Amino acid sequence: MKLSSHALSPAFAFLLASGGAAGATQVSVKDPWVRATVPAQKSTGAFMQLTSTEDARLVEAHSPAAGTVEIHEMSMTGNVMKMHEVPGGVPLPAGKPVTLGPGGYHVMMMDLKGQVKAGDSVPLTLVIEDKNKQRQTIEVKAIAQPLGGGAPMSGMKMH
Ligand SMILES: [Cu+2]
């Protein structure tokens, strides 16, 4: 059986976390994407917009495509763009869309298992922690977008 093209389908995805008790925090994920890489590149960033129904945090992310995945934030120090792991994760205030985008918060994928080519669908697992320290996971498929545009991720020095 061939994989149908819908694995590559919409750049728009609206996913609700399933399971959990009634009234549990729900987080929607919009437009998940990852920056495509060149063959020797070992890291890249994944981006999306998250909206949580309750105060929560994005505390971890995992992907079978990367050996290490961290939640990062970029900031300018003088003229130098730096990035670092976000202690405690990204805050998701109730009802407020939070954008992970180039130049800001991102899901940092390191020790990539292979090249991420434009159009690839990269599985990501997001770990959300609510204010009661309850954790839930959300499965996301991030579509790889071509290099170029936005802030460069490759060739940047970490830490
Ligand atoms: Cu980073």
# chains A, B, ... in the order shown; residues from 1 in each chain; ligands from 1
>>> closest_atom_pairs(of="chain A", to="ligand 1", cutoff="6 Å", atoms="only C-alpha atoms and all ligand atoms", output="CSV")
residue,atom,partner,partner_atom_place_in_ligand_line,distance
A:His72,CA,ligand 1,1 (Cu),4.8
A:Met83,CA,ligand 1,1 (Cu),5.3
A:Met108,CA,ligand 1,1 (Cu),4.6
>>> write_last_selection(atoms="all heavy atoms", output="PDB file, in the first residue's frame")
ATOM      1  N   HIS A  72      13.690  26.255  23.219  1.00  0.00           N
ATOM      2  CA  HIS A  72      14.660  27.350  23.204  1.00  0.00           C
ATOM      3  C   HIS A  72      13.981  28.704  23.029  1.00  0.00           C
ATOM      4  O   HIS A  72      12.855  28.797  22.559  1.00  0.00           O
ATOM      5  CB  HIS A  72      15.625  27.185  22.022  1.00  0.00           C
ATOM      6  CG  HIS A  72      16.784  26.293  22.312  1.00  0.00           C
ATOM      7  ND1 HIS A  72      17.892  26.248  21.503  1.00  0.00           N
ATOM      8  CD2 HIS A  72      17.011  25.424  23.315  1.00  0.00           C
ATOM      9  CE1 HIS A  72      18.756  25.377  22.005  1.00  0.00           C
ATOM     10  NE2 HIS A  72      18.250  24.858  23.098  1.00  0.00           N
ATOM     11  N   MET A  83      20.750  31.881  21.527  1.00  0.00           N
ATOM     12  CA  MET A  83      19.603  31.126  21.989  1.00  0.00           C
ATOM     13  C   MET A  83      19.973  30.236  23.143  1.00  0.00           C
ATOM     14  O   MET A  83      21.111  29.836  23.325  1.00  0.00           O
ATOM     15  CB  MET A  83      18.964  30.344  20.858  1.00  0.00           C
ATOM     16  CG  MET A  83      19.839  29.342  20.195  1.00  0.00           C
ATOM     17  SD  MET A  83      18.848  28.593  18.879  1.00  0.00           S
ATOM     18  CE  MET A  83      20.101  27.607  18.104  1.00  0.00           C
ATOM     19  N   MET A 108      13.887  23.298  19.531  1.00  0.00           N
ATOM     20  CA  MET A 108      15.212  23.073  18.944  1.00  0.00           C
ATOM     21  C   MET A 108      15.431  21.580  18.766  1.00  0.00           C
ATOM     22  O   MET A 108      15.388  20.827  19.739  1.00  0.00           O
ATOM     23  CB  MET A 108      16.268  23.639  19.901  1.00  0.00           C
ATOM     24  CG  MET A 108      17.647  23.696  19.320  1.00  0.00           C
ATOM     25  SD  MET A 108      17.721  25.104  18.210  1.00  0.00           S
ATOM     26  CE  MET A 108      18.945  24.508  17.054  1.00  0.00           C
TER      27      MET A 108
END
>>> closest_residue(among="A:Met76, A:Leu124, A:Val27, A:Leu100", to="A:Phe47", atoms="only C-alpha atoms")
A:Leu100
>>> closest_residue(among="A:Ala24, A:Val34, A:Leu126, A:Val29", to="A:Leu147", atoms="only C-alpha atoms")
A:Val34
>>> atom_distance(atom1="atom CA of A:Ala46", atom2="atom CA of A:Glu73")
11.8 Å
>>> closest_residue(among="A:Arg57, A:His84, A:Lys30, A:Lys141", to="A:Gly119", atoms="only C-alpha atoms")
A:Lys141
>>> residues_around(residues="A:Gln145", least_positions_apart="5", cutoff="6 Å", atoms="only C-alpha atoms", output="list of chain:residue names")
A:Arg35, A:Ala36, A:Ala118
>>> write_last_selection(atoms="all heavy atoms", output="PDB file, in the first residue's frame")
ATOM      1  N   ARG A  35      12.025  23.951   9.895  1.00  0.00           N
ATOM      2  CA  ARG A  35      12.865  24.485   8.822  1.00  0.00           C
ATOM      3  C   ARG A  35      13.678  23.346   8.200  1.00  0.00           C
ATOM      4  O   ARG A  35      14.345  22.605   8.903  1.00  0.00           O
ATOM      5  CB  ARG A  35      13.798  25.565   9.368  1.00  0.00           C
ATOM      6  CG  ARG A  35      14.488  26.359   8.275  1.00  0.00           C
ATOM      7  CD  ARG A  35      15.445  27.371   8.871  1.00  0.00           C
ATOM      8  NE  ARG A  35      14.770  28.374   9.690  1.00  0.00           N
ATOM      9  CZ  ARG A  35      14.139  29.442   9.209  1.00  0.00           C
ATOM     10  NH1 ARG A  35      14.068  29.639   7.926  1.00  0.00           N
ATOM     11  NH2 ARG A  35      13.581  30.302  10.026  1.00  0.00           N
ATOM     12  N   ALA A  36      13.584  23.223   6.881  1.00  0.00           N
ATOM     13  CA  ALA A  36      14.338  22.193   6.171  1.00  0.00           C
ATOM     14  C   ALA A  36      15.839  22.433   6.343  1.00  0.00           C
ATOM     15  O   ALA A  36      16.275  23.547   6.613  1.00  0.00           O
ATOM     16  CB  ALA A  36      13.965  22.202   4.686  1.00  0.00           C
ATOM     17  N   ALA A 118      12.382  19.780   2.390  1.00  0.00           N
ATOM     18  CA  ALA A 118      11.131  20.544   2.239  1.00  0.00           C
ATOM     19  C   ALA A 118       9.998  19.598   1.876  1.00  0.00           C
ATOM     20  O   ALA A 118      10.145  18.743   1.004  1.00  0.00           O
ATOM     21  CB  ALA A 118      11.309  21.615   1.170  1.00  0.00           C
TER      22      ALA A 118
END
>>> select_by_dssp(residues="stretch 12-159 of chain A", states="strand (DSSP E)", output="number ranges by chain")
A: 27-35, 44-52, 56-62, 66-77, 80-85, 90-92, 98-100, 105-112, 121-130, 135-145
>>> atom_distance(atom1="atom CA of A:His62", atom2="atom CA of A:Thr125")
5.0 Å
>>> decode(residues="stretch 85-127 of chain A", atoms="C-alpha atoms", output="CSV table (one decimal), in the first residue's frame")
chain,number,residue,atom,x,y,z
A,85,GLU,CA,17.0,26.7,26.7
A,86,VAL,CA,13.9,28.2,28.4
A,87,PRO,CA,13.9,27.3,32.1
A,88,GLY,CA,10.5,25.9,33.0
A,89,GLY,CA,9.3,25.9,29.5
A,90,VAL,CA,7.1,28.4,27.5
A,91,PRO,CA,4.2,29.9,29.4
A,92,LEU,CA,0.8,29.4,27.7
A,93,PRO,CA,-1.6,31.9,29.4
A,94,ALA,CA,-5.3,30.8,29.2
A,95,GLY,CA,-6.9,31.7,25.9
A,96,LYS,CA,-3.9,33.6,24.5
A,97,PRO,CA,-2.2,32.4,21.3
A,98,VAL,CA,1.6,32.0,21.8
A,99,THR,CA,3.7,32.0,18.7
A,100,LEU,CA,6.9,29.9,18.5
A,101,GLY,CA,8.6,31.5,15.5
A,102,PRO,CA,12.0,32.4,14.1
A,103,GLY,CA,13.7,34.9,16.4
A,104,GLY,CA,11.7,33.9,19.5
A,105,TYR,CA,10.6,30.7,21.1
A,106,HIS,CA,11.3,27.5,19.1
A,107,VAL,CA,11.5,23.8,19.5
A,108,MET,CA,15.2,23.1,18.9
A,109,MET,CA,15.9,19.8,17.2
A,110,MET,CA,19.5,18.6,17.6
A,111,ASP,CA,21.4,15.5,16.6
A,112,LEU,CA,19.2,15.1,13.6
A,113,LYS,CA,18.9,11.5,12.3
A,114,GLY,CA,18.9,12.7,8.7
A,115,GLN,CA,18.3,15.6,6.4
A,116,VAL,CA,14.9,17.3,6.7
A,117,LYS,CA,13.8,18.0,3.2
A,118,ALA,CA,11.1,20.5,2.2
A,119,GLY,CA,7.7,18.9,2.3
A,120,ASP,CA,8.7,16.2,4.9
A,121,SER,CA,6.3,15.6,7.7
A,122,VAL,CA,8.2,15.6,10.9
A,123,PRO,CA,6.5,14.0,14.0
A,124,LEU,CA,6.8,16.0,17.2
A,125,THR,CA,5.5,15.2,20.6
A,126,LEU,CA,4.7,18.2,22.8
A,127,VAL,CA,4.6,17.9,26.5
